[in-house]
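Participant: Take a look at the following structure, please.
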Amino acid sequence: MAHEYATREELKAWMNVPPDDDTRDSLFDGALAASSRGIDTATGRRFWLDDTETARTFTLSGRVVCSGGEARLLLDDIGAEPTLVEVGSGTSWSTVTGYSTVPDNALVRGRPITALALGGSGWSGGPRARVTTRWGWPAVPDEITEATLIQAARLFRRKDSPEGVTGSSEWGVVRLSRRDPDVWALIEHFIQPGFG
């Protein structure tokens with residue numbers, strides 16, 4: 001498994017399946033992977049932290065906003081302190097220093113850095129910025145893990161509800177809702193603006 005937001009062991013415990021029962025492990029793995037990627041798609045972001053640093057380049061136009069006397073460069077989620085920030089173009093880059101991360105204390109609170117702020121003249125020196133860091137979230141939020149478990153259990157059981165219909169002797173036949181309200185309640189405040 002790669003970058004799932006819950007483990008097979010957690011899902012088995014959640015569904016009261018004995019840990020040594022490995023007869024359905026591939027189904028559990030598939031449900032966890034699909035649930036995790038579905039949360040990524042619904043929120044417009046991903047919640048794991050890259051293992052290694054990489055550089056990403058951003059066009060400054062449309063990504064710099066002024067707030068409180070600062071020019072803030074809006075970025076993808078950053079899960080570790082940036083090691084190199086530069087402005088320039090494809091052929092010439094200048095190192096940027098003296099920036100602050102936004103929001104304050106994000107990494108300490110387990111949240112990502114989403115912008116870099118500069119005072120004074122702001123982000124001058126070229127049409128682009130290049131940031132080298134580990135991208136993603138510093139840790140998977142508890143709400144995302146719980147939403148993954150709920151959705152994975154739902155997907156796992158889906159094989160027993162052909163055409164979205166399930167039932168019991170007590171309640172009769174019930175059509176499954178398109179979106180689980182508990183999953184949505186857990187992930188909705190993580191949705192990037194413009195998604196969902």
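Naming scheme: A, B, ... for chains in displayed order of the structure tokens; residues 1 onward per chain; ligands 1 onward as shown.
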Find the residues near range 101-108 of chain A: any atom within 8 Å, counting only C-alpha atoms, skip ones fewer than 6 places away on the same chain, and give them as a compact mmCIF listing (two decimals) with C-alpha atoms, in the first residue's frame.

Facilitator:
# COMPACT_ATOMS: atom_id res chain seq x y z
CA GLY A 79 4.65 19.82 5.18
CA ALA A 80 8.19 20.87 6.13
CA THR A 114 0.05 27.37 2.53
CA ALA A 115 1.85 30.64 1.76
CA LEU A 116 5.13 32.49 2.12
CA ALA A 117 4.98 36.17 3.10
CA PRO A 138 3.19 16.99 8.13

Participant: Among chain A, which ones does DSSP place in helix (DSSP H, G or I), written as an NGL selection string?

Facilitator: :A and (8-14 or 25-43 or 142-158 or 162-164 or 181-190)

Participant: Sorted by chain and rising residue number, which residues of range 27-81 of chain A lie within 10 Å of range 140-145 of chain A, and what are their closest atom pairs and distances in Å to one decimal, counting only C-alpha atoms, as JSON lines?

Facilitator:
{"residue": "A:Ser36", "atom": "CA", "partner": "A:Ile144", "partner_atom": "CA", "distance": 8.6}
{"residue": "A:Ile39", "atom": "CA", "partner": "A:Ile144", "partner_atom": "CA", "distance": 7.9}
{"residue": "A:Asp40", "atom": "CA", "partner": "A:Ile144", "partner_atom": "CA", "distance": 9.9}
{"residue": "A:Arg46", "atom": "CA", "partner": "A:Val140", "partner_atom": "CA", "distance": 9.2}
{"residue": "A:Phe47", "atom": "CA", "partner": "A:Val140", "partner_atom": "CA", "distance": 5.5}
{"residue": "A:Trp48", "atom": "CA", "partner": "A:Val140", "partner_atom": "CA", "distance": 6.3}
{"residue": "A:Leu49", "atom": "CA", "partner": "A:Val140", "partner_atom": "CA", "distance": 8.6}

Participant: In terms of the shortest atom-to-atom distance over only C-alpha atoms, which of A:Ala2, A:Leu118, A:Ala31, A:Val17 is closest to Leu149 in chain A?

Facilitator: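 Closest residue, counting only C-alpha atoms: A:Ala31.
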
Participant: Out of A:Arg24, A:Arg56, A:Arg130, A:Arg37, which residue has the shortest atom-to-atom distance to Val87 in chain A when counting only C-alpha atoms?

Facilitator: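 Using only C-alpha atoms, the shortest distance to Val87 in chain A belongs to A:Arg130.
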
Participant: Which residue is closest to Leu75 in chain A? Choose from A:Pro19, A:Gly136, A:Gly110, A:Gly38 and count only C-alpha atoms.

Facilitator: A:Gly136

Participant: For CA of Ala147 in chain A and CA of Arg111 in chain A, quote the distance in Å rounded to one decimal.

Facilitator: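 If I compute the distance from CA of Ala147 in chain A to CA of Arg111 in chain A, I get 17.5 Å.
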
Participant: Looking at only C-alpha atoms, which of A:Leu27, A:Ala42, A:Ala71, A:Ala33 is the one that sits closest to Val183 in chain A?

Facilitator: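 Between A:Leu27, A:Ala42, A:Ala71, A:Ala33, the residue approaching Val183 in chain A most closely is A:Ala42.
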
Participant: Could you pull out all residues of chain A with a DSSP call of strand (DSSP E) and give them as a CSV table (one decimal) with N, CA and C atoms, in the first residue's frame?

Facilitator:
chain,number,residue,atom,x,y,z
A,54,THR,N,11.5,18.3,-3.3
A,54,THR,CA,11.5,18.5,-4.7
A,54,THR,C,11.2,20.0,-4.9
A,55,ALA,N,11.6,20.5,-6.1
A,55,ALA,CA,11.3,21.9,-6.4
A,55,ALA,C,10.0,22.0,-7.2
A,56,ARG,N,9.2,23.0,-6.9
A,56,ARG,CA,8.0,23.3,-7.7
A,56,ARG,C,8.1,24.8,-8.1
A,57,THR,N,7.7,25.1,-9.3
A,57,THR,CA,7.8,26.4,-9.9
A,57,THR,C,6.3,27.0,-10.0
A,58,PHE,N,6.2,28.2,-9.6
A,58,PHE,CA,4.9,28.9,-9.6
A,58,PHE,C,5.0,30.2,-10.3
A,59,THR,N,4.0,30.5,-11.1
A,59,THR,CA,3.9,31.8,-11.7
A,59,THR,C,3.4,32.8,-10.7
A,64,VAL,N,-0.1,35.9,-5.8
A,64,VAL,CA,0.4,36.9,-4.8
A,64,VAL,C,-0.8,37.7,-4.3
A,65,VAL,N,-1.1,37.7,-3.0
A,65,VAL,CA,-2.1,38.5,-2.5
A,65,VAL,C,-1.5,39.4,-1.4
A,66,CYS,N,-2.0,40.6,-1.2
A,66,CYS,CA,-1.5,41.5,-0.2
A,66,CYS,C,-2.5,41.5,1.0
A,67,SER,N,-1.8,41.3,2.2
A,67,SER,CA,-2.6,41.2,3.4
A,67,SER,C,-1.7,41.8,4.6
A,70,GLU,N,1.9,42.7,3.9
A,70,GLU,CA,2.7,41.7,3.4
A,70,GLU,C,2.2,41.2,2.0
A,71,ALA,N,3.1,40.7,1.2
A,71,ALA,CA,2.8,40.1,-0.1
A,71,ALA,C,2.9,38.6,0.1
A,72,ARG,N,1.8,37.9,0.1
A,72,ARG,CA,1.8,36.4,0.3
A,72,ARG,C,1.7,35.7,-1.0
A,73,LEU,N,2.6,34.8,-1.1
A,73,LEU,CA,2.7,33.9,-2.3
A,73,LEU,C,1.9,32.6,-1.9
A,74,LEU,N,0.8,32.4,-2.5
A,74,LEU,CA,0.0,31.2,-2.2
A,74,LEU,C,0.6,30.0,-2.9
A,75,LEU,N,0.7,28.9,-2.1
A,75,LEU,CA,1.4,27.7,-2.6
A,75,LEU,C,0.6,26.4,-2.4
A,76,ASP,N,1.0,25.3,-3.0
A,76,ASP,CA,0.5,24.0,-2.6
A,76,ASP,C,0.8,23.7,-1.2
A,77,ASP,N,0.2,22.8,-0.5
A,77,ASP,CA,0.5,22.4,0.9
A,77,ASP,C,1.9,22.0,1.0
A,78,ILE,N,2.6,22.6,2.1
A,78,ILE,CA,4.0,22.3,2.4
A,78,ILE,C,4.0,21.7,3.8
A,84,LEU,N,14.8,26.0,0.1
A,84,LEU,CA,15.3,27.0,-0.8
A,84,LEU,C,14.1,27.6,-1.5
A,85,VAL,N,14.1,29.0,-1.5
A,85,VAL,CA,13.0,29.8,-2.1
A,85,VAL,C,13.7,30.7,-3.1
A,86,GLU,N,13.3,30.8,-4.3
A,86,GLU,CA,14.0,31.6,-5.4
A,86,GLU,C,12.9,32.3,-6.2
A,87,VAL,N,13.3,33.4,-6.8
A,87,VAL,CA,12.5,34.1,-7.8
A,87,VAL,C,13.3,34.3,-9.0
A,88,GLY,N,12.7,34.3,-10.1
A,88,GLY,CA,13.4,34.6,-11.4
A,88,GLY,C,12.6,34.0,-12.6
A,93,TRP,N,17.9,32.6,-11.5
A,93,TRP,CA,17.2,32.6,-10.2
A,93,TRP,C,18.0,33.3,-9.1
A,94,SER,N,17.2,34.0,-8.2
A,94,SER,CA,17.9,34.6,-7.1
A,94,SER,C,17.2,34.1,-5.8
A,95,THR,N,18.0,33.8,-4.8
A,95,THR,CA,17.5,33.3,-3.6
A,95,THR,C,16.8,34.3,-2.8
A,100,SER,N,8.4,34.8,5.8
A,100,SER,CA,7.8,34.0,6.9
A,100,SER,C,6.7,33.1,6.3
A,101,THR,N,6.5,32.0,7.1
A,101,THR,CA,5.5,31.0,6.6
A,101,THR,C,4.1,31.4,7.2
A,102,VAL,N,3.1,31.0,6.4
A,102,VAL,CA,1.7,31.3,6.7
A,102,VAL,C,0.9,30.0,6.6
A,113,ILE,N,1.9,24.5,5.7
A,113,ILE,CA,2.2,25.9,5.3
A,113,ILE,C,1.5,26.0,3.9
A,114,THR,N,0.8,27.2,3.8
A,114,THR,CA,0.0,27.4,2.5
A,114,THR,C,0.5,28.6,1.8
A,115,ALA,N,1.4,29.4,2.4
A,115,ALA,CA,1.8,30.6,1.8
A,115,ALA,C,3.2,31.1,2.4
A,116,LEU,N,3.9,31.8,1.6
A,116,LEU,CA,5.1,32.5,2.1
A,116,LEU,C,4.9,34.0,2.0
A,117,ALA,N,5.2,34.7,3.1
A,117,ALA,CA,5.0,36.2,3.1
A,117,ALA,C,6.3,37.0,3.1
A,118,LEU,N,6.3,38.0,2.4
A,118,LEU,CA,7.4,39.0,2.3
A,118,LEU,C,6.9,40.4,2.5
A,128,ARG,N,8.4,34.3,-11.8
A,128,ARG,CA,8.1,33.0,-11.2
A,128,ARG,C,8.9,32.9,-9.9
A,129,ALA,N,8.3,32.0,-9.0
A,129,ALA,CA,9.0,31.6,-7.8
A,129,ALA,C,9.2,30.1,-7.9
A,130,ARG,N,10.4,29.6,-7.3
A,130,ARG,CA,10.7,28.2,-7.2
A,130,ARG,C,10.9,27.9,-5.8
A,131,VAL,N,10.2,26.9,-5.3
A,131,VAL,CA,10.3,26.5,-3.8
A,131,VAL,C,10.7,25.0,-3.8
A,132,THR,N,11.7,24.8,-2.9
A,132,THR,CA,12.2,23.4,-2.7
A,132,THR,C,11.8,23.1,-1.3
A,133,THR,N,11.1,22.0,-1.1
A,133,THR,CA,10.6,21.5,0.2
A,133,THR,C,10.1,20.1,0.0
A,165,VAL,N,-28.3,-1.2,-3.7
A,165,VAL,CA,-29.4,-1.5,-2.9
A,165,VAL,C,-29.0,-2.5,-1.9
A,166,THR,N,-29.4,-2.3,-0.6
A,166,THR,CA,-29.1,-3.2,0.5
A,166,THR,C,-30.3,-3.4,1.3
A,167,GLY,N,-30.3,-4.4,2.2
A,167,GLY,CA,-31.5,-4.6,2.9
A,167,GLY,C,-31.3,-5.5,4.1
A,168,SER,N,-32.3,-5.6,5.0
A,168,SER,CA,-32.3,-6.5,6.1
A,168,SER,C,-33.7,-6.9,6.4
A,172,GLY,N,-36.1,-3.9,5.6
A,172,GLY,CA,-36.5,-4.1,4.2
A,172,GLY,C,-35.4,-3.6,3.3
A,173,VAL,N,-35.7,-3.3,2.1
A,173,VAL,CA,-34.8,-2.8,1.1
A,173,VAL,C,-34.5,-1.3,1.2
A,174,VAL,N,-33.2,-0.9,1.1
A,174,VAL,CA,-32.9,0.5,1.3
A,174,VAL,C,-31.9,0.8,0.1
A,175,ARG,N,-32.1,1.9,-0.5
A,175,ARG,CA,-31.1,2.4,-1.5
A,175,ARG,C,-30.0,3.2,-0.8

Participant: Find, counting only C-alpha atoms, the residue in A:Thr52, A:Ser35, A:Ser61, A:Ser92 that gets nearest to Arg134 in chain A.

Facilitator: A:Thr52

Participant: Rank nothing, just name the residue among A:Glu9, A:Asp182, A:Gly68, A:Asp50 nearest to Trp137 in chain A, using only C-alpha atoms.

Facilitator: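 The closest residue to Trp137 in chain A is A:Asp50.
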
Participant: Set the distance at 9 Å and use only C-alpha atoms: which residues neighbour Leu155 in chain A once local chain neighbours fewer than 4 positions away are removed? I'd like the list as a list in words.

Facilitator: Gly30, Ala31, Leu32, Ala34, Ser35, Ile150, Gln151 and Lys159 of chain A
